[in-house]
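S.K.: Provided herewith: entry15.txt, compact mmCIF, C-alpha atoms.
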# COMPACT_ATOMS: atom_id res chain seq x y z
CA MET C 4 37.25 -36.32 -78.97
CA LYS C 5 34.05 -36.33 -76.94
CA ILE C 6 31.47 -39.05 -77.50
CA ALA C 7 27.99 -39.29 -76.00
CA ILE C 8 26.38 -42.59 -75.00
CA THR C 9 22.72 -43.15 -74.07
CA VAL C 10 22.53 -44.95 -70.74
CA SER C 11 19.99 -46.09 -68.18
CA GLY C 12 22.32 -45.56 -65.20
CA LYS C 13 25.05 -43.06 -64.36
CA THR C 14 28.22 -45.14 -64.51
CA LEU C 15 30.33 -46.82 -67.17
CA ASP C 16 29.10 -50.28 -66.10
CA ALA C 17 25.43 -49.33 -66.59
CA PRO C 18 23.71 -50.71 -69.72
CA VAL C 19 23.40 -48.66 -72.92
CA ASP C 20 19.80 -47.38 -73.22
CA GLN C 21 18.43 -48.45 -76.60
CA ARG C 22 16.38 -45.24 -76.86
CA PHE C 23 18.00 -41.97 -77.84
CA GLY C 24 15.51 -39.15 -77.15
CA ARG C 25 14.06 -40.72 -74.03
CA ALA C 26 17.20 -42.19 -72.48
CA PRO C 27 17.29 -40.99 -68.86
CA VAL C 28 21.02 -40.14 -68.92
CA PHE C 29 23.77 -39.34 -71.42
CA ILE C 30 27.34 -40.16 -70.52
CA LEU C 31 29.84 -37.80 -72.11
CA TYR C 32 33.18 -39.56 -72.54
CA ASP C 33 36.45 -37.92 -73.55
CA THR C 34 38.60 -40.38 -75.50
CA LYS C 35 41.73 -38.29 -74.87
CA THR C 36 41.52 -37.90 -71.09
CA ARG C 37 39.46 -41.09 -70.53
CA SER C 38 37.20 -39.06 -68.24
CA SER C 39 33.41 -39.20 -68.23
CA GLU C 40 30.49 -37.23 -66.88
CA ALA C 41 26.78 -38.10 -66.62
CA VAL C 42 24.25 -35.62 -68.02
CA ASP C 43 20.62 -35.85 -66.95
CA ASN C 44 18.01 -36.17 -69.74
CA SER C 45 15.02 -37.01 -67.53
CA GLN C 46 13.11 -33.85 -68.61
CA ASN C 47 12.68 -35.56 -71.99
CA LEU C 48 11.32 -38.83 -70.61
CA ASN C 49 7.74 -37.61 -70.51
CA ALA C 50 7.81 -35.17 -73.43
CA ALA C 51 4.78 -35.70 -75.65
CA GLN C 52 6.79 -34.97 -78.76
CA GLY C 53 10.11 -33.53 -79.85
CA ALA C 54 12.16 -35.62 -77.38
CA GLY C 55 14.64 -36.70 -80.06
CA ILE C 56 15.08 -33.15 -81.34
CA GLN C 57 15.66 -31.79 -77.86
CA ALA C 58 18.06 -34.60 -76.99
CA ALA C 59 19.97 -33.86 -80.21
CA GLU C 60 20.23 -30.21 -79.14
CA THR C 61 21.63 -31.35 -75.78
CA ILE C 62 24.22 -33.61 -77.43
CA SER C 63 25.28 -30.79 -79.76
CA ARG C 64 25.53 -28.31 -76.89
CA LEU C 65 27.73 -30.73 -74.93
CA GLY C 66 30.20 -30.67 -77.79
CA ALA C 67 30.03 -34.38 -78.59
CA GLU C 68 31.22 -35.37 -82.05
CA CYS C 69 29.82 -38.90 -81.95
CA LEU C 70 26.74 -40.51 -80.45
CA LEU C 71 26.57 -44.19 -79.48
CA THR C 72 23.01 -45.42 -79.01
CA GLY C 73 20.66 -48.29 -79.74
CA HIS C 74 18.27 -46.67 -82.18
CA CYS C 75 17.68 -43.22 -83.59
CA GLY C 76 14.50 -41.85 -85.19
CA PRO C 77 14.19 -39.61 -88.25
CA LYS C 78 13.80 -36.20 -86.56
CA ALA C 79 16.63 -36.88 -84.12
CA PHE C 80 18.89 -38.08 -86.94
CA ARG C 81 18.15 -35.01 -89.07
CA THR C 82 18.93 -32.71 -86.13
CA LEU C 83 22.13 -34.56 -85.20
CA SER C 84 23.29 -34.48 -88.83
CA ALA C 85 22.67 -30.73 -89.04
CA ALA C 86 24.73 -30.31 -85.87
CA GLY C 87 27.54 -32.41 -87.36
CA VAL C 88 27.23 -35.23 -84.81
CA ARG C 89 28.05 -38.69 -86.20
CA VAL C 90 25.59 -41.38 -85.12
CA TYR C 91 26.46 -45.01 -84.30
CA ASN C 92 23.29 -47.08 -83.88
CA GLY C 93 23.36 -50.63 -82.60
CA ALA C 94 25.47 -50.05 -79.49
CA SER C 95 24.74 -52.57 -76.73
CA GLY C 96 26.07 -54.04 -73.49
CA THR C 97 27.51 -51.72 -70.86
CA VAL C 98 28.69 -48.20 -71.61
CA ALA C 99 32.32 -49.36 -71.15
CA GLU C 100 31.77 -52.20 -73.64
CA ALA C 101 30.19 -49.81 -76.16
CA ILE C 102 33.12 -47.40 -75.84
CA ALA C 103 35.58 -50.28 -76.30
CA ALA C 104 33.69 -51.49 -79.40
CA PHE C 105 33.68 -47.94 -80.80
CA GLU C 106 37.41 -47.45 -80.20
CA ALA C 107 38.15 -50.83 -81.78
CA GLY C 108 36.23 -49.69 -84.88
CA LYS C 109 33.55 -52.34 -84.43
CA LEU C 110 30.59 -49.91 -84.60
CA ALA C 111 29.51 -48.71 -88.03
CA GLU C 112 28.46 -45.11 -88.57
CA SER C 113 24.77 -44.87 -89.44
CA SER C 114 23.68 -43.15 -92.63
CA GLY C 115 20.10 -42.57 -91.49
CA ALA C 116 17.42 -43.24 -88.91
CA ASP C 117 16.91 -46.93 -88.20
CA VAL C 118 13.47 -46.66 -86.55
CA ASP C 119 10.34 -44.53 -86.90
CA GLY C 120 9.58 -41.82 -84.37
CA HIS C 121 7.98 -43.01 -81.08
CA TRP C 122 9.03 -46.63 -81.83
CA MET S 28 -27.24 -21.86 -78.20
CA THR S 29 -24.69 -24.64 -78.26
CA VAL S 30 -24.94 -28.15 -76.87
CA ALA S 31 -21.80 -30.31 -76.88
CA ILE S 32 -22.26 -34.09 -76.86
CA ALA S 33 -19.19 -35.58 -75.19
CA SER S 34 -18.09 -38.66 -73.25
CA GLY S 35 -15.06 -39.93 -71.45
CA LYS S 36 -15.21 -43.39 -72.97
CA GLY S 37 -15.38 -43.86 -76.72
CA GLY S 38 -18.15 -45.88 -78.32
CA THR S 39 -20.82 -44.94 -75.79
CA GLY S 40 -23.13 -43.35 -78.37
CA LYS S 41 -22.16 -39.67 -78.83
CA THR S 42 -22.87 -39.75 -82.55
CA THR S 43 -26.10 -41.68 -82.04
CA MET S 44 -27.31 -39.06 -79.55
CA ALA S 45 -26.14 -36.11 -81.66
CA VAL S 46 -27.73 -37.30 -84.91
CA ASN S 47 -31.01 -38.47 -83.36
CA LEU S 48 -31.27 -35.27 -81.31
CA ALA S 49 -30.62 -33.16 -84.44
CA LEU S 50 -33.49 -34.96 -86.17
CA SER S 51 -35.79 -34.47 -83.16
CA LEU S 52 -35.29 -30.79 -82.25
CA GLN S 53 -37.74 -28.12 -83.38
CA GLY S 54 -36.53 -25.08 -85.29
CA PRO S 55 -33.21 -24.39 -87.00
CA VAL S 56 -30.54 -26.91 -86.03
CA GLN S 57 -26.90 -27.11 -86.99
CA LEU S 58 -24.88 -30.26 -86.34
CA LEU S 59 -21.10 -29.88 -86.23
CA ASP S 60 -19.04 -33.06 -86.27
CA CYS S 61 -16.00 -31.98 -84.24
CA ASP S 62 -14.53 -35.47 -84.06
CA VAL S 63 -12.27 -34.45 -86.92
CA GLU S 64 -10.00 -37.48 -86.61
CA GLU S 65 -12.88 -39.80 -87.40
CA PRO S 66 -16.06 -37.88 -88.27
CA ASN S 67 -18.99 -40.26 -88.66
CA CYS S 68 -22.22 -38.25 -88.25
CA ALA S 69 -22.50 -38.05 -92.03
CA ILE S 70 -22.79 -41.84 -92.29
CA PHE S 71 -26.11 -41.65 -90.44
CA LEU S 72 -27.38 -38.18 -91.30
CA LYS S 73 -26.54 -38.60 -95.02
CA PRO S 74 -26.40 -34.88 -95.80
CA ARG S 75 -25.78 -33.48 -99.26
CA ILE S 76 -22.31 -31.94 -98.96
CA ASP S 77 -22.08 -28.91 -101.22
CA ALA S 78 -19.17 -26.86 -99.89
CA SER S 79 -15.61 -27.74 -98.96
CA GLU S 80 -12.65 -25.61 -97.91
CA SER S 81 -9.09 -26.37 -96.91
CA VAL S 82 -7.83 -25.45 -93.44
CA GLY S 83 -4.17 -24.80 -92.80
CA ILE S 84 -1.88 -23.66 -90.05
CA ALA S 85 0.91 -21.17 -90.51
CA VAL S 86 4.33 -22.80 -90.35
CA PRO S 87 7.71 -21.04 -90.54
CA HIS S 88 9.74 -20.79 -93.70
CA VAL S 89 13.34 -19.63 -93.30
CA ASP S 90 15.06 -17.49 -95.89
CA GLU S 91 18.68 -18.61 -95.56
CA THR S 92 20.11 -15.42 -97.06
CA PHE S 93 18.83 -13.39 -94.09
CA CYS S 94 19.43 -15.98 -91.32
CA ASP S 95 22.54 -15.41 -89.20
CA ALA S 96 21.98 -18.62 -87.17
CA CYS S 97 21.48 -16.72 -83.91
CA GLY S 98 19.16 -19.46 -82.60
CA GLU S 99 16.46 -17.16 -81.15
CA CYS S 100 13.72 -19.06 -83.04
CA GLY S 101 14.75 -22.43 -81.60
CA ARG S 102 15.01 -21.06 -78.07
CA PHE S 103 11.51 -19.64 -78.35
CA CYS S 104 9.76 -22.78 -79.69
CA ARG S 105 8.66 -25.04 -76.85
CA TYR S 106 7.55 -27.74 -79.31
CA HIS S 107 10.98 -28.04 -80.99
CA ALA S 108 9.34 -27.46 -84.34
CA ILE S 109 12.21 -25.14 -85.27
CA VAL S 110 15.76 -25.87 -84.16
CA SER S 111 18.92 -23.90 -84.75
CA LEU S 112 22.26 -25.47 -83.86
CA LYS S 113 24.57 -22.68 -84.99
CA THR S 114 23.20 -23.40 -88.45
CA THR S 115 20.25 -22.33 -90.56
CA PRO S 116 17.23 -23.58 -88.57
CA LEU S 117 15.69 -26.96 -89.21
CA VAL S 118 11.89 -26.84 -89.41
CA PHE S 119 9.66 -29.77 -88.42
CA PRO S 120 6.26 -28.60 -89.77
CA GLU S 121 4.33 -31.54 -88.25
CA LEU S 122 5.33 -30.40 -84.74
CA CYS S 123 4.43 -26.73 -85.34
CA HIS S 124 1.39 -25.36 -83.52
CA GLY S 125 1.32 -22.29 -85.77
CA CYS S 126 1.76 -19.65 -83.06
CA GLY S 127 4.03 -17.44 -85.21
CA GLY S 128 6.41 -16.76 -82.33
CA CYS S 129 9.58 -17.73 -84.23
CA ALA S 130 8.86 -15.16 -86.93
CA LEU S 131 8.23 -12.51 -84.26
CA VAL S 132 11.48 -13.12 -82.35
CA CYS S 133 13.69 -13.43 -85.45
CA PRO S 134 15.89 -10.30 -85.32
CA THR S 135 16.78 -10.38 -89.03
CA GLY S 136 13.28 -11.01 -90.39
CA ALA S 137 14.44 -14.24 -92.03
CA ILE S 138 11.28 -16.14 -91.09
CA HIS S 139 7.92 -15.77 -92.79
CA GLU S 140 4.91 -18.04 -92.44
CA GLU S 141 3.32 -20.27 -95.04
CA LEU S 142 0.05 -22.13 -94.76
CA ARG S 143 0.27 -25.90 -94.45
CA SER S 144 -3.01 -27.73 -95.05
CA ILE S 145 -4.09 -29.98 -92.17
CA GLY S 146 -7.61 -30.86 -93.27
CA VAL S 147 -10.91 -29.72 -94.74
CA ILE S 148 -14.22 -28.33 -93.54
CA GLU S 149 -17.26 -29.60 -95.40
CA GLN S 150 -20.79 -28.25 -95.23
CA GLY S 151 -24.14 -29.42 -96.48
CA VAL S 152 -27.78 -29.86 -95.59
CA ARG S 153 -30.18 -32.59 -94.75
CA GLY S 154 -33.73 -31.24 -94.72
CA SER S 155 -33.75 -28.31 -92.29
CA ILE S 156 -30.51 -29.41 -90.62
CA LEU S 157 -27.31 -27.60 -91.51
CA PHE S 158 -24.44 -30.05 -91.28
CA THR S 159 -20.76 -29.09 -90.94
CA GLN S 160 -17.83 -31.41 -90.37
CA GLY S 161 -14.05 -31.24 -90.17
CA ARG S 162 -11.84 -33.94 -91.63
CA LEU S 163 -8.23 -34.01 -90.49
CA ASN S 164 -5.70 -35.22 -93.06
CA VAL S 165 -4.60 -38.79 -92.43
CA GLY S 166 -1.36 -38.88 -90.43
CA GLU S 167 -1.84 -35.37 -89.04
CA ALA S 168 -1.18 -35.17 -85.30
CA MET S 169 -2.93 -31.93 -84.31
CA PRO S 170 -6.70 -31.71 -84.59
CA VAL S 171 -7.17 -28.59 -82.43
CA PRO S 172 -6.53 -25.92 -85.11
CA LEU S 173 -9.06 -27.63 -87.37
CA ILE S 174 -11.64 -27.86 -84.56
CA ARG S 175 -11.21 -24.12 -83.85
CA ALA S 176 -11.70 -23.31 -87.54
CA LEU S 177 -14.72 -25.59 -87.65
CA LYS S 178 -16.34 -23.87 -84.67
CA LYS S 179 -16.07 -20.53 -86.47
CA LYS S 180 -18.77 -21.98 -88.78
CA LYS S 181 -21.24 -22.07 -85.89
CA ARG S 182 -24.50 -20.35 -86.79
CA THR S 183 -25.69 -17.76 -84.31
CA ASP S 184 -29.40 -18.62 -84.46
CA GLY S 185 -31.17 -21.77 -83.36
CA ILE S 186 -29.49 -24.71 -81.66
CA VAL S 187 -26.00 -25.87 -82.55
CA LEU S 188 -25.05 -29.45 -81.64
CA LEU S 189 -21.38 -30.41 -81.39
CA ASP S 190 -20.41 -34.06 -81.69
CA SER S 191 -17.19 -34.14 -79.65
CA PRO S 192 -14.23 -36.50 -79.87
CA PRO S 193 -14.03 -38.96 -76.93
CA GLY S 194 -11.74 -38.57 -73.94
CA THR S 195 -10.69 -35.51 -71.97
CA SER S 196 -7.69 -34.22 -73.93
CA CYS S 197 -7.05 -31.03 -75.94
CA PRO S 198 -9.42 -31.79 -78.86
CA VAL S 199 -12.26 -32.31 -76.38
CA ILE S 200 -11.51 -29.08 -74.51
CA ALA S 201 -11.30 -27.23 -77.85
CA THR S 202 -14.73 -28.61 -78.73
CA LEU S 203 -16.43 -27.95 -75.37
CA ARG S 204 -15.25 -24.36 -74.81
CA GLY S 205 -17.99 -21.83 -75.32
CA SER S 206 -20.85 -24.33 -75.18
CA ASP S 207 -23.94 -23.56 -73.11
CA LEU S 208 -24.60 -27.15 -72.10
CA VAL S 209 -22.64 -30.40 -72.17
CA VAL S 210 -24.30 -33.80 -72.54
CA LEU S 211 -22.05 -36.62 -71.31
CA VAL S 212 -22.95 -39.97 -72.84
CA THR S 213 -22.02 -43.09 -70.90
CA GLU S 214 -22.87 -46.76 -70.60
CA PRO S 215 -23.77 -48.57 -67.36
CA THR S 216 -20.48 -50.45 -67.01
CA PRO S 217 -17.40 -50.04 -64.80
CA PHE S 218 -15.46 -48.73 -67.84
CA GLY S 219 -18.26 -46.30 -68.65
CA LEU S 220 -18.34 -45.07 -65.05
CA ASN S 221 -14.57 -44.68 -64.76
CA ASP S 222 -14.39 -42.52 -67.88
CA LEU S 223 -17.60 -40.65 -67.05
CA ASP S 224 -15.98 -39.53 -63.81
CA LEU S 225 -12.98 -38.19 -65.77
CA ALA S 226 -15.34 -36.33 -68.12
CA VAL S 227 -17.32 -34.93 -65.15
CA GLN S 228 -14.10 -33.62 -63.59
CA THR S 229 -13.24 -31.99 -66.93
CA VAL S 230 -16.55 -30.15 -67.39
CA ARG S 231 -16.56 -29.14 -63.72
CA THR S 232 -13.07 -27.66 -64.16
CA LEU S 233 -14.37 -25.78 -67.21
CA GLY S 234 -17.35 -24.60 -65.13
CA MET S 235 -19.99 -25.74 -67.61
CA PRO S 236 -23.53 -26.99 -66.92
CA PHE S 237 -23.92 -30.65 -67.85
CA GLY S 238 -26.10 -33.72 -67.62
CA VAL S 239 -25.73 -37.41 -68.36
CA VAL S 240 -27.24 -39.75 -70.94
CA ILE S 241 -27.09 -43.45 -70.11
CA ASN S 242 -27.03 -45.47 -73.32
CA ARG S 243 -27.91 -49.18 -73.38
CA SER S 244 -29.33 -48.70 -69.89
CA GLU S 245 -29.89 -51.75 -67.70
CA SER S 246 -27.40 -53.75 -69.76
CA GLY S 247 -24.72 -53.49 -67.07
CA ASP S 248 -24.75 -52.49 -63.41
CA ASP S 249 -26.21 -49.61 -61.40
CA GLY S 250 -22.82 -47.94 -60.74
CA VAL S 251 -23.48 -44.97 -63.05
CA LEU S 252 -26.93 -44.36 -61.52
CA ARG S 253 -25.52 -44.41 -57.98
CA TYR S 254 -22.64 -42.12 -59.03
CA CYS S 255 -25.02 -39.58 -60.60
CA THR S 256 -27.25 -39.61 -57.49
CA LYS S 257 -24.27 -39.13 -55.19
CA GLU S 258 -22.85 -36.31 -57.33
CA SER S 259 -26.29 -34.69 -57.92
CA ILE S 260 -25.88 -34.96 -61.70
CA PRO S 261 -29.11 -34.81 -63.73
CA ILE S 262 -29.81 -37.81 -65.95
CA LEU S 263 -31.23 -36.33 -69.14
CA LEU S 264 -32.07 -39.58 -70.92
CA GLU S 265 -31.83 -43.33 -70.61
CA VAL S 266 -31.83 -45.27 -73.88
CA PRO S 267 -32.78 -48.90 -73.33
CA ASP S 268 -30.52 -51.66 -74.60
CA GLU S 269 -32.33 -52.97 -77.68
CA ARG S 270 -31.18 -55.20 -80.48
CA ARG S 271 -33.39 -53.35 -82.97
CA VAL S 272 -31.47 -50.10 -82.32
CA ALA S 273 -28.16 -51.86 -82.96
CA GLU S 274 -29.54 -53.45 -86.13
CA ALA S 275 -30.67 -50.08 -87.48
CA TYR S 276 -27.26 -48.64 -86.59
CA SER S 277 -25.50 -51.46 -88.44
CA ARG S 278 -27.46 -50.53 -91.57
CA GLY S 279 -26.47 -46.86 -91.18
CA GLU S 280 -30.02 -45.89 -90.19
CA THR S 281 -30.95 -43.55 -87.37
CA ALA S 282 -32.99 -44.89 -84.44
CA VAL S 283 -35.66 -42.19 -84.75
CA GLU S 284 -36.25 -42.94 -88.43
CA ALA S 285 -36.18 -46.71 -88.05
CA LEU S 286 -38.17 -47.10 -84.81
CA PRO S 287 -41.31 -45.14 -83.85
CA HIS S 288 -40.83 -45.61 -80.10
CA MET S 289 -37.32 -44.14 -80.45
CA ARG S 290 -38.80 -41.12 -82.24
CA GLU S 291 -41.03 -40.69 -79.18
CA LEU S 292 -38.14 -41.12 -76.72
CA PHE S 293 -35.90 -38.62 -78.56
CA GLY S 294 -38.84 -36.20 -78.84
CA ILE S 295 -38.94 -36.14 -75.02
CA PHE S 296 -35.14 -35.79 -74.94
CA ALA S 297 -35.29 -32.86 -77.40
CA ALA S 298 -37.88 -31.13 -75.22
CA ARG S 299 -35.69 -31.69 -72.15
CA ILE S 300 -32.61 -30.23 -73.91
CA THR S 301 -34.66 -27.22 -75.07
CA ALA S 302 -35.83 -26.67 -71.48
CA GLU S 303 -32.28 -27.02 -70.11
CA LEU S 304 -31.04 -24.47 -72.65
CA GLU S 305 -33.83 -22.11 -71.63
CA ALA S 306 -32.66 -22.46 -68.01
CA CYS S 307 -29.03 -21.79 -69.12
CA ARG S 308 -30.20 -18.71 -71.03
CA ARG S 309 -31.81 -17.33 -67.87
CA THR S 310 -28.65 -17.94 -65.81
CA PRO S 311 -25.82 -17.12 -68.19
CA LEU S 312 -22.52 -18.92 -67.77
CA PRO S 313 -19.62 -17.30 -66.00
CA ALA S 314 -16.88 -16.48 -68.52
CA ALA S 315 -16.95 -19.54 -70.73
CA GLY S 316 -13.83 -18.74 -72.68
CA ARG S 317 -13.19 -19.55 -76.32
Represent the structure contained in this file as structure tokens.

M.R.:
Amino acid sequence: MKIAITVSGKTLDAPVDQRFGRAPVFILYDTKTRSSEAVDNSQNLNAAQGAGIQAAETISRLGAECLLTGHCGPKAFRTLSAAGVRVYNGASGTVAEAIAAFEAGKLAESSGADVDGHW
Amino acid sequence: MTVAIASGKGGTGKTTMAVNLALSLQGPVQLLDCDVEEPNCAIFLKPRIDASESVGIAVPHVDETFCDACGECGRFCRYHAIVSLKTTPLVFPELCHGCGGCALVCPTGAIHEELRSIGVIEQGVRGSILFTQGRLNVGEAMPVPLIRALKKKKRTDGIVLLDSPPGTSCPVIATLRGSDLVVLVTEPTPFGLNDLDLAVQTVRTLGMPFGVVINRSESGDDGVLRYCTKESIPILLEVPDERRVAEAYSRGETAVEALPHMRELFGIFAARITAELEACRRTPLPAAGR
């Protein structure tokens, strides 16, 4: 299974970025092969609007089934839900720590957005 | 002919200039409050509003029975107002600019447009002044379509004054386009000067004739005066910093009605604007756009 994590660096020891739409990088992690790749999201950093929607499109296109992030706004959540991506808000620490918490079942799946847009 | 009253900085006195000028000009005058996010000319002009109409923008509506989830609509929309992820598209009406492109590119004809109200246009009179204002619905993010609809109410005879929103962004450009003359209102402070310079760069980019009004003159420094001299920008009016003007304002009264010497000052200003417009008429603008 592929999971996507919002991150402010490009490696597994970089911290989880609390923002979803405007995180500079997504790390795509394959739980089966334990391999990861960094996907650039910097085009969304300065978007006036629609950053969450576009980021959700990216995540869906990458084939991720789950998203680990800090917070997720209403438009992003609606788009991710439509694409069938499960969202886990409240991830923190490094990317490796967030993955470990997810695999240990310590992250709860979110049922909705936990912040307003442009928080 | 159309005169837009604009400024870089907010709170410099655009509305004060627009309303007092409207009351001072000879002949038919129309005042359009284009600051649709917070129109306030009516507070001072106190017109009798006797017409109101809703303004909407066309947003997509997807008929699921015809949609084959091809995703063309989502690929076309640069504002991500419609998104298709191998599913029936999601529509985010508040992000839609109403261009209609998604309906055009849809190969199965599954998308039609429906009007979504974004605000109202209200019209009324005060004496010989025709007053028209736009009011954007609270929470609405896009004033430009309403400003464009409002400007379609411009009368073709006499002088039309536009009270612009502050700043230099899209709503300001939408207001300024097509005007014959721009009046930039500023205050003699470093903040006033900084934002005046931004506004000057904007109107120069648009290629429009303009001049400056210094409000509350001599209350700050001489930076604005030196800037205007250096840049060869005409100063159309200086309004002295007076407590009596502020007191009248705080009561919702206009300076020209409350203070005789202000009536005199704005009479001179009105004559200057009329003369500037006459000069603009003789040398028509190069393609002014919308």

S.K.: Give me, as a PyMOL selection string, all polymer residues having an atom no more than 8 Å from Pro236 in chain S, counting all atoms listed in the file and skipping those fewer than 3 positions away in the same chain.

M.R.: chain S and resi 207-209+230-231+307

S.K.: Show me, as a PDB file with C-alpha atoms, keeping the file's coordinate frame, the residues that have an atom within 6 Å of range 39-55 of chain C when counting only C-alpha atoms, minus same-chain residues fewer than 3 positions from it.

M.R.:
ATOM      1  CA  LYS C  13      25.050 -43.060 -64.360  1.00  0.00           C
ATOM      2  CA  GLY C  24      15.510 -39.150 -77.150  1.00  0.00           C
ATOM      3  CA  ARG C  25      14.060 -40.720 -74.030  1.00  0.00           C
ATOM      4  CA  PRO C  27      17.290 -40.990 -68.860  1.00  0.00           C
ATOM      5  CA  VAL C  28      21.020 -40.140 -68.920  1.00  0.00           C
ATOM      6  CA  PHE C  29      23.770 -39.340 -71.420  1.00  0.00           C
ATOM      7  CA  ILE C  30      27.340 -40.160 -70.520  1.00  0.00           C
ATOM      8  CA  LEU C  31      29.840 -37.800 -72.110  1.00  0.00           C
ATOM      9  CA  TYR C  32      33.180 -39.560 -72.540  1.00  0.00           C
ATOM     10  CA  ALA C  58      18.060 -34.600 -76.990  1.00  0.00           C
ATOM     11  CA  ALA C  79      16.630 -36.880 -84.120  1.00  0.00           C
TER      12      ALA C  79
ATOM     13  CA  HIS S 107      10.980 -28.040 -80.990  1.00  0.00           C
TER      14      HIS S 107
END

S.K.: Could I get the residues of chain C with an atom no further than 12 Å from an atom of chain S, each paired with its nearest atom pair and that distance in Å to one decimal, using only C-alpha atoms, sorted by chain and residue number, as JSON lines?

M.R.:
{"residue": "C:Asn47", "atom": "CA", "partner": "S:His107", "partner_atom": "CA", "distance": 11.9}
{"residue": "C:Ala50", "atom": "CA", "partner": "S:Tyr106", "partner_atom": "CA", "distance": 9.5}
{"residue": "C:Ala51", "atom": "CA", "partner": "S:Tyr106", "partner_atom": "CA", "distance": 9.2}
{"residue": "C:Gln52", "atom": "CA", "partner": "S:Tyr106", "partner_atom": "CA", "distance": 7.3}
{"residue": "C:Gly53", "atom": "CA", "partner": "S:His107", "partner_atom": "CA", "distance": 5.7}
{"residue": "C:Ala54", "atom": "CA", "partner": "S:His107", "partner_atom": "CA", "distance": 8.5}
{"residue": "C:Gly55", "atom": "CA", "partner": "S:His107", "partner_atom": "CA", "distance": 9.4}
{"residue": "C:Ile56", "atom": "CA", "partner": "S:His107", "partner_atom": "CA", "distance": 6.6}
{"residue": "C:Gln57", "atom": "CA", "partner": "S:His107", "partner_atom": "CA", "distance": 6.8}
{"residue": "C:Ala58", "atom": "CA", "partner": "S:His107", "partner_atom": "CA", "distance": 10.4}
{"residue": "C:Ala59", "atom": "CA", "partner": "S:Leu112", "partner_atom": "CA", "distance": 9.4}
{"residue": "C:Glu60", "atom": "CA", "partner": "S:Leu112", "partner_atom": "CA", "distance": 7.0}
{"residue": "C:Thr61", "atom": "CA", "partner": "S:Leu112", "partner_atom": "CA", "distance": 10.0}
{"residue": "C:Ile62", "atom": "CA", "partner": "S:Leu112", "partner_atom": "CA", "distance": 10.6}
{"residue": "C:Ser63", "atom": "CA", "partner": "S:Leu112", "partner_atom": "CA", "distance": 7.4}
{"residue": "C:Arg64", "atom": "CA", "partner": "S:Leu112", "partner_atom": "CA", "distance": 8.2}
{"residue": "C:Leu65", "atom": "CA", "partner": "S:Leu112", "partner_atom": "CA", "distance": 11.7}
{"residue": "C:Gly66", "atom": "CA", "partner": "S:Leu112", "partner_atom": "CA", "distance": 11.3}
{"residue": "C:Pro77", "atom": "CA", "partner": "S:Phe119", "partner_atom": "CA", "distance": 10.8}
{"residue": "C:Lys78", "atom": "CA", "partner": "S:Phe119", "partner_atom": "CA", "distance": 7.9}
{"residue": "C:Ala79", "atom": "CA", "partner": "S:Phe119", "partner_atom": "CA", "distance": 10.8}
{"residue": "C:Phe80", "atom": "CA", "partner": "S:Leu117", "partner_atom": "CA", "distance": 11.8}
{"residue": "C:Arg81", "atom": "CA", "partner": "S:Leu117", "partner_atom": "CA", "distance": 8.4}
{"residue": "C:Thr82", "atom": "CA", "partner": "S:Leu117", "partner_atom": "CA", "distance": 7.3}
{"residue": "C:Leu83", "atom": "CA", "partner": "S:Leu112", "partner_atom": "CA", "distance": 9.2}
{"residue": "C:Ser84", "atom": "CA", "partner": "S:Leu112", "partner_atom": "CA", "distance": 10.3}
{"residue": "C:Ala85", "atom": "CA", "partner": "S:Thr114", "partner_atom": "CA", "distance": 7.4}
{"residue": "C:Ala86", "atom": "CA", "partner": "S:Leu112", "partner_atom": "CA", "distance": 5.8}
{"residue": "C:Gly87", "atom": "CA", "partner": "S:Leu112", "partner_atom": "CA", "distance": 9.4}
{"residue": "C:Val88", "atom": "CA", "partner": "S:Leu112", "partner_atom": "CA", "distance": 11.0}

S.K.: Can you tell me which residues surround Leu188 in chain S at a distance of at most 10 Å, considering only C-alpha atoms, apart from same-chain residues fewer than 3 positions away, and format the answer as a PDB file with C-alpha atoms, in the frame of the given file?

M.R.:
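Just written: part04.pdb:
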ATOM      1  CA  MET S  28     -27.240 -21.860 -78.200  1.00  0.00           C
ATOM      2  CA  THR S  29     -24.690 -24.640 -78.260  1.00  0.00           C
ATOM      3  CA  VAL S  30     -24.940 -28.150 -76.870  1.00  0.00           C
ATOM      4  CA  ALA S  31     -21.800 -30.310 -76.880  1.00  0.00           C
ATOM      5  CA  ILE S  32     -22.260 -34.090 -76.860  1.00  0.00           C
ATOM      6  CA  ALA S  45     -26.140 -36.110 -81.660  1.00  0.00           C
ATOM      7  CA  VAL S  46     -27.730 -37.300 -84.910  1.00  0.00           C
ATOM      8  CA  LEU S  48     -31.270 -35.270 -81.310  1.00  0.00           C
ATOM      9  CA  ALA S  49     -30.620 -33.160 -84.440  1.00  0.00           C
ATOM     10  CA  VAL S  56     -30.540 -26.910 -86.030  1.00  0.00           C
ATOM     11  CA  GLN S  57     -26.900 -27.110 -86.990  1.00  0.00           C
ATOM     12  CA  LEU S  58     -24.880 -30.260 -86.340  1.00  0.00           C
ATOM     13  CA  LEU S  59     -21.100 -29.880 -86.230  1.00  0.00           C
ATOM     14  CA  ASP S  60     -19.040 -33.060 -86.270  1.00  0.00           C
ATOM     15  CA  CYS S  61     -16.000 -31.980 -84.240  1.00  0.00           C
ATOM     16  CA  PHE S 158     -24.440 -30.050 -91.280  1.00  0.00           C
ATOM     17  CA  LYS S 181     -21.240 -22.070 -85.890  1.00  0.00           C
ATOM     18  CA  GLY S 185     -31.170 -21.770 -83.360  1.00  0.00           C
ATOM     19  CA  SER S 191     -17.190 -34.140 -79.650  1.00  0.00           C
ATOM     20  CA  SER S 206     -20.850 -24.330 -75.180  1.00  0.00           C
ATOM     21  CA  LEU S 208     -24.600 -27.150 -72.100  1.00  0.00           C
ATOM     22  CA  VAL S 209     -22.640 -30.400 -72.170  1.00  0.00           C
TER      23      VAL S 209
END
